[in-house]
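Here the structure is laid out as C-alpha cells; the discussion comes afterwards.
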Amino acid sequence: MPLSPLPRLMIEPLVRAAFLEDLGRAGDVTTDAVIPAGLRFSAVIGSRQPGVVAGIDVAALAFELIDPTLKVEIVAGDGTVVEPGDVVLKVEGAARAILTGERVALNFASHLSGIATATASLVSVARAHGKAQVVCTRKTTPGLRALEKHAVKAGGGSNHRFGLDDAVLIKDNHIAVAGSVATAIARAKAHAGHMVKIEVEVDTLAQLDEAMAAGVDAVLLDNMDPATLTEAVRIVGGRAITEASGRINRDTIGPVAASGVDLISVGWITHSAPVLDLGLDAIEAVPTSLIP
C-alpha cells in the first residue's frame with residue numbers, strides 16, 4: 001500500500017540545502033549556456049531496475065522549489081513496487097529548470113528507493129519464516145534520518161527508536177561502564193519516567209537471565225546464532241519483546257526469523273543500501289513560441 005508522504009515542513013529544508021550545495025555561487029552554468037531560455041520540456045523519471053520506490057514526493061518537491069511553474073505529477077507513490085520501464089513521476093515546463101533540478105530529485109529518490117528495496121527484500125524472507133518485523137536503527141545519514149526511516153516503512157519495515165530521547169536502550173558499553181546488567185537496568189528505572197520503555201542488549205543467555213530477573217520491556221539479542229536465539233525466545237516466554245541484531249542479511253535472516261523473535265534490526269538498510277537506478281528521460285522539447 002502506498003505510504004503517506006512526510007510533512008513538507010520536514011523535507012523542504014533538506015531539499016533547499018541540497019540545492020544550495022549543488023548550485024553553489026553561480027547556478028547551473030552548463031544548462032544556462034546550452035539550453036535556450038524559451039524551451040519547454042516534458043520528461044519522466046522511470047525505474048531501470050525492479051524495486052520499491054520511496055522519496056518520489058521529495059523529488060516532486062525538488063522540481064517545485066526550483067520552479068513553481070513546473071507541472072509535476074507523481075505516478076507511483078512511496079511503497080509502490082516497480083519494474084524496469086515503469087514511470088514514477090512526470091514533469092513538464094521550463095527545460096532549464098527541469099535539467100537543473102534533475103540531479104537533486106534523482107539523488108533523493110534513488111537513495112530512498114534503494115533503502116525501500118533493500119528493506120522489502122529482507123521483509124519478504126522474514127515473513128516466510130516467522131512473525132518478525134524488520135526494523136531499522138540509528139545508523140542513518142546525518143540529517144536524513146526522517147527520510148531514511150520513512151523509506152524503511154515504504155519497504156514494509158518498521159522503525160526502531162528515532163533518536164536517543166525515544167527510549168532507553170542499554171548497550172554493551174553502558175553495561176561495561178555501569179558494572180553489570182542488573183546495575184544498568186536499576187539505574188535506568190530510577191531515571192526514566194513511567195512512559196519510557198527500557199531495552200537492554202545481551203550477548204549471552206546468562207546476561208539474558210540477569211536482564212529478565214531485573215525486569216525490562218525488551219531484550220536485544222546481539223550476534224546470537226539461530227539455536228541460541230531460539231533458546232532465548234523460550235527463556236523470555238513472552239515477558240518482553242525480543243529483538244535479534246548483528247550482521248543480518250538476506251541469506252541469514254530466514255533462520256533468525258524462524259527462531260521466533262519479534263524484531264530483527266538491520267543497520268545496513270539505511271547506511272549501505274545500494275541505490276535503485278532511476279533516471280530522467282526526455283519525452284519532448286519545443287520552444288515556447290511554438291506552443292499555442
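So you can find residues: chains in the C-alpha cells are A, B, ... in the order shown, residues in each start at 1, and ligands are numbered from 1 in order.
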
Please, which residues of range 48-292 of chain A, numbered as in this document, come out alpha helix (DSSP H) from DSSP, as a ChimeraX atom specification? /A:56-66,95-129,145-154,172-178,181-191,205-214,226-236,253-258,268-271

Within 6 Å of Val202 in chain A, counting only C-alpha atoms, which residues show up once you throw out same-chain ones fewer than 5 positions away? Write them as a JSON list (two decimals) with all heavy atoms, in the first residue's frame, please.
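The file below, around06.json, is the result:
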```json
[["chain", "number", "residue", "atom", "x", "y", "z"],
["A", 207, "GLN", "N", 23.50, -13.33, 30.57],
["A", 207, "GLN", "CA", 23.10, -11.93, 30.64],
["A", 207, "GLN", "C", 21.59, -11.79, 30.47],
["A", 207, "GLN", "O", 20.95, -10.94, 31.11],
["A", 207, "GLN", "CB", 23.81, -11.11, 29.57],
["A", 207, "GLN", "CG", 25.26, -10.77, 29.88],
["A", 207, "GLN", "CD", 25.83, -9.81, 28.85],
["A", 207, "GLN", "OE1", 25.54, -9.90, 27.66],
["A", 207, "GLN", "NE2", 26.64, -8.87, 29.31],
["A", 208, "LEU", "N", 21.01, -12.62, 29.60],
["A", 208, "LEU", "CA", 19.57, -12.58, 29.40],
["A", 208, "LEU", "C", 18.84, -12.93, 30.69],
["A", 208, "LEU", "O", 17.86, -12.26, 31.06],
["A", 208, "LEU", "CB", 19.17, -13.56, 28.28],
["A", 208, "LEU", "CG", 17.67, -13.71, 28.03],
["A", 208, "LEU", "CD1", 17.04, -12.38, 27.60],
["A", 208, "LEU", "CD2", 17.41, -14.78, 26.97],
["A", 221, "LEU", "N", 19.01, -9.23, 21.44],
["A", 221, "LEU", "CA", 19.82, -10.44, 21.44],
["A", 221, "LEU", "C", 20.89, -10.28, 20.35],
["A", 221, "LEU", "O", 20.63, -10.46, 19.17],
["A", 221, "LEU", "CB", 18.94, -11.66, 21.18],
["A", 221, "LEU", "CG", 17.70, -11.74, 22.09],
["A", 221, "LEU", "CD1", 16.71, -12.79, 21.58],
["A", 221, "LEU", "CD2", 18.11, -12.04, 23.53]]
```

A:Thr119, A:Thr100, A:Thr228, A:Ser4: which is nearest Arg250 in chain A, counting only C-alpha atoms?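 When distances to Arg250 in chain A are compared using only C-alpha atoms, the smallest one comes from A:Thr119.
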
Please give the complete set of residues from range 77-150 of chain A that DSSP, run on the backbone, assigns to strand (DSSP E or B), formatted as number ranges by chain. A: 81-82, 87-94, 133-135

Dump C-alpha atoms for the selected residues as an mmCIF file, in the first residue's frame?
```cif
data_model
loop_
_atom_site.group_PDB
_atom_site.id
_atom_site.type_symbol
_atom_site.label_atom_id
_atom_site.label_comp_id
_atom_site.auth_asym_id
_atom_site.auth_seq_id
_atom_site.Cartn_x
_atom_site.Cartn_y
_atom_site.Cartn_z
ATOM 1 C CA VAL A 81 6.573 -1.951 -6.428
ATOM 2 C CA VAL A 82 8.082 -1.098 -9.817
ATOM 3 C CA VAL A 87 7.259 5.661 -14.789
ATOM 4 C CA VAL A 88 7.196 7.064 -11.257
ATOM 5 C CA LEU A 89 6.981 10.812 -11.961
ATOM 6 C CA LYS A 90 6.173 13.163 -14.849
ATOM 7 C CA VAL A 91 7.363 16.751 -15.148
ATOM 8 C CA GLU A 92 6.688 19.426 -17.752
ATOM 9 C CA GLY A 93 7.739 23.042 -18.111
ATOM 10 C CA ALA A 94 10.867 25.154 -18.493
ATOM 11 C CA GLN A 133 9.265 -7.352 11.840
ATOM 12 C CA VAL A 134 12.334 -5.911 10.131
ATOM 13 C CA VAL A 135 13.339 -2.656 11.837
#
```

Between A:Val168, A:Ala192, A:Thr204, A:Ala151, which one has atoms that come closest to Gly77 in chain A, using only C-alpha atoms?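 Among the listed residues, A:Ala151 lies closest to Gly77 in chain A.
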
Quick one: residues within 12 Å of range 18-28 of chain A, only C-alpha atoms, excluding same-chain residues fewer than 2 positions away - as a PDB file with N, CA and C atoms, in the first residue's frame?
```
ATOM      1  N   ILE A  11      10.634  18.122   5.077  1.00  0.00           N
ATOM      2  CA  ILE A  11      11.532  17.786   3.974  1.00  0.00           C
ATOM      3  C   ILE A  11      12.037  18.994   3.184  1.00  0.00           C
ATOM      4  N   GLU A  12      11.285  20.101   3.207  1.00  0.00           N
ATOM      5  CA  GLU A  12      11.701  21.244   2.395  1.00  0.00           C
ATOM      6  C   GLU A  12      13.085  21.779   2.763  1.00  0.00           C
ATOM      7  N   PRO A  13      13.434  21.920   4.051  1.00  0.00           N
ATOM      8  CA  PRO A  13      14.786  22.404   4.361  1.00  0.00           C
ATOM      9  C   PRO A  13      15.884  21.495   3.814  1.00  0.00           C
ATOM     10  N   LEU A  14      15.623  20.187   3.773  1.00  0.00           N
ATOM     11  CA  LEU A  14      16.621  19.249   3.261  1.00  0.00           C
ATOM     12  C   LEU A  14      16.820  19.430   1.765  1.00  0.00           C
ATOM     13  N   VAL A  15      15.719  19.637   1.040  1.00  0.00           N
ATOM     14  CA  VAL A  15      15.815  19.831  -0.403  1.00  0.00           C
ATOM     15  C   VAL A  15      16.489  21.170  -0.708  1.00  0.00           C
ATOM     16  N   ARG A  16      16.134  22.192   0.032  1.00  0.00           N
ATOM     17  CA  ARG A  16      16.770  23.505  -0.178  1.00  0.00           C
ATOM     18  C   ARG A  16      18.272  23.424   0.089  1.00  0.00           C
ATOM     19  N   THR A  30      26.187  25.191 -16.958  1.00  0.00           N
ATOM     20  CA  THR A  30      26.089  24.373 -18.165  1.00  0.00           C
ATOM     21  C   THR A  30      24.725  24.525 -18.822  1.00  0.00           C
ATOM     22  N   THR A  31      23.680  24.329 -18.038  1.00  0.00           N
ATOM     23  CA  THR A  31      22.330  24.422 -18.586  1.00  0.00           C
ATOM     24  C   THR A  31      22.036  25.827 -19.095  1.00  0.00           C
ATOM     25  N   ASP A  32      22.433  26.828 -18.332  1.00  0.00           N
ATOM     26  CA  ASP A  32      22.172  28.200 -18.757  1.00  0.00           C
ATOM     27  C   ASP A  32      22.894  28.537 -20.057  1.00  0.00           C
ATOM     28  N   ALA A  33      24.050  27.912 -20.303  1.00  0.00           N
ATOM     29  CA  ALA A  33      24.803  28.179 -21.522  1.00  0.00           C
ATOM     30  C   ALA A  33      24.261  27.411 -22.723  1.00  0.00           C
ATOM     31  N   VAL A  34      23.770  26.210 -22.492  1.00  0.00           N
ATOM     32  CA  VAL A  34      23.427  25.310 -23.606  1.00  0.00           C
ATOM     33  C   VAL A  34      21.953  25.344 -23.969  1.00  0.00           C
ATOM     34  N   ILE A  35      21.071  25.537 -22.996  1.00  0.00           N
ATOM     35  CA  ILE A  35      19.632  25.414 -23.223  1.00  0.00           C
ATOM     36  C   ILE A  35      18.995  26.790 -23.367  1.00  0.00           C
ATOM     37  N   VAL A  58       9.631  13.713  -2.497  1.00  0.00           N
ATOM     38  CA  VAL A  58      10.782  14.592  -2.305  1.00  0.00           C
ATOM     39  C   VAL A  58      11.297  15.060  -3.662  1.00  0.00           C
ATOM     40  N   ALA A  59      11.340  14.147  -4.628  1.00  0.00           N
ATOM     41  CA  ALA A  59      11.746  14.517  -5.981  1.00  0.00           C
ATOM     42  C   ALA A  59      10.781  15.541  -6.571  1.00  0.00           C
ATOM     43  N   LEU A  61       8.994  17.685  -4.944  1.00  0.00           N
ATOM     44  CA  LEU A  61       9.221  18.959  -4.268  1.00  0.00           C
ATOM     45  C   LEU A  61      10.459  19.658  -4.815  1.00  0.00           C
ATOM     46  N   ALA A  62      11.472  18.887  -5.172  1.00  0.00           N
ATOM     47  CA  ALA A  62      12.678  19.490  -5.743  1.00  0.00           C
ATOM     48  C   ALA A  62      12.346  20.262  -7.012  1.00  0.00           C
ATOM     49  N   PHE A  63      11.549  19.672  -7.876  1.00  0.00           N
ATOM     50  CA  PHE A  63      11.171  20.376  -9.104  1.00  0.00           C
ATOM     51  C   PHE A  63      10.307  21.601  -8.791  1.00  0.00           C
ATOM     52  N   LEU A  65      10.374  23.451  -6.093  1.00  0.00           N
ATOM     53  CA  LEU A  65      11.178  24.515  -5.496  1.00  0.00           C
ATOM     54  C   LEU A  65      12.082  25.195  -6.517  1.00  0.00           C
ATOM     55  N   ILE A  66      12.562  24.437  -7.487  1.00  0.00           N
ATOM     56  CA  ILE A  66      13.435  25.044  -8.493  1.00  0.00           C
ATOM     57  C   ILE A  66      12.646  25.933  -9.441  1.00  0.00           C
ATOM     58  N   ARG A  96      15.214  24.499 -18.692  1.00  0.00           N
ATOM     59  CA  ARG A  96      16.324  24.843 -17.805  1.00  0.00           C
ATOM     60  C   ARG A  96      16.053  24.401 -16.365  1.00  0.00           C
ATOM     61  N   ALA A  97      14.853  24.647 -15.894  1.00  0.00           N
ATOM     62  CA  ALA A  97      14.509  24.301 -14.512  1.00  0.00           C
ATOM     63  C   ALA A  97      14.543  22.792 -14.297  1.00  0.00           C
ATOM     64  N   ILE A  98      13.999  22.045 -15.251  1.00  0.00           N
ATOM     65  CA  ILE A  98      13.962  20.587 -15.103  1.00  0.00           C
ATOM     66  C   ILE A  98      15.372  20.014 -15.085  1.00  0.00           C
ATOM     67  N   LEU A  99      16.224  20.467 -15.985  1.00  0.00           N
ATOM     68  CA  LEU A  99      17.584  19.942 -16.036  1.00  0.00           C
ATOM     69  C   LEU A  99      18.399  20.348 -14.816  1.00  0.00           C
ATOM     70  N   THR A 100      18.147  21.529 -14.295  1.00  0.00           N
ATOM     71  CA  THR A 100      18.851  21.982 -13.094  1.00  0.00           C
ATOM     72  C   THR A 100      18.411  21.196 -11.863  1.00  0.00           C
ATOM     73  N   GLY A 101      17.136  20.866 -11.797  1.00  0.00           N
ATOM     74  CA  GLY A 101      16.617  20.138 -10.645  1.00  0.00           C
ATOM     75  C   GLY A 101      16.782  18.638 -10.720  1.00  0.00           C
ATOM     76  N   GLU A 102      17.169  18.119 -11.883  1.00  0.00           N
ATOM     77  CA  GLU A 102      17.195  16.670 -12.127  1.00  0.00           C
ATOM     78  C   GLU A 102      18.019  15.906 -11.098  1.00  0.00           C
ATOM     79  N   ARG A 103      19.269  16.328 -10.882  1.00  0.00           N
ATOM     80  CA  ARG A 103      20.148  15.519 -10.039  1.00  0.00           C
ATOM     81  C   ARG A 103      19.723  15.513  -8.578  1.00  0.00           C
ATOM     82  N   VAL A 104      19.301  16.644  -8.054  1.00  0.00           N
ATOM     83  CA  VAL A 104      18.824  16.672  -6.663  1.00  0.00           C
ATOM     84  C   VAL A 104      17.611  15.759  -6.510  1.00  0.00           C
ATOM     85  N   ALA A 105      16.682  15.842  -7.459  1.00  0.00           N
ATOM     86  CA  ALA A 105      15.495  14.990  -7.399  1.00  0.00           C
ATOM     87  C   ALA A 105      15.875  13.514  -7.440  1.00  0.00           C
ATOM     88  N   LEU A 106      16.784  13.153  -8.360  1.00  0.00           N
ATOM     89  CA  LEU A 106      17.176  11.748  -8.504  1.00  0.00           C
ATOM     90  C   LEU A 106      18.010  11.263  -7.327  1.00  0.00           C
ATOM     91  N   ASN A 107      18.851  12.141  -6.773  1.00  0.00           N
ATOM     92  CA  ASN A 107      19.661  11.721  -5.627  1.00  0.00           C
ATOM     93  C   ASN A 107      18.774  11.286  -4.460  1.00  0.00           C
ATOM     94  N   PHE A 108      17.773  12.090  -4.154  1.00  0.00           N
ATOM     95  CA  PHE A 108      16.863  11.729  -3.071  1.00  0.00           C
ATOM     96  C   PHE A 108      16.071  10.464  -3.410  1.00  0.00           C
ATOM     97  N   GLY A 143      21.267  14.056   9.156  1.00  0.00           N
ATOM     98  CA  GLY A 143      20.337  14.992   8.540  1.00  0.00           C
ATOM     99  C   GLY A 143      19.223  14.346   7.752  1.00  0.00           C
ATOM    100  N   LEU A 144      19.382  13.076   7.394  1.00  0.00           N
ATOM    101  CA  LEU A 144      18.382  12.411   6.547  1.00  0.00           C
ATOM    102  C   LEU A 144      17.605  11.314   7.285  1.00  0.00           C
TER     103      LEU A 144
END
```
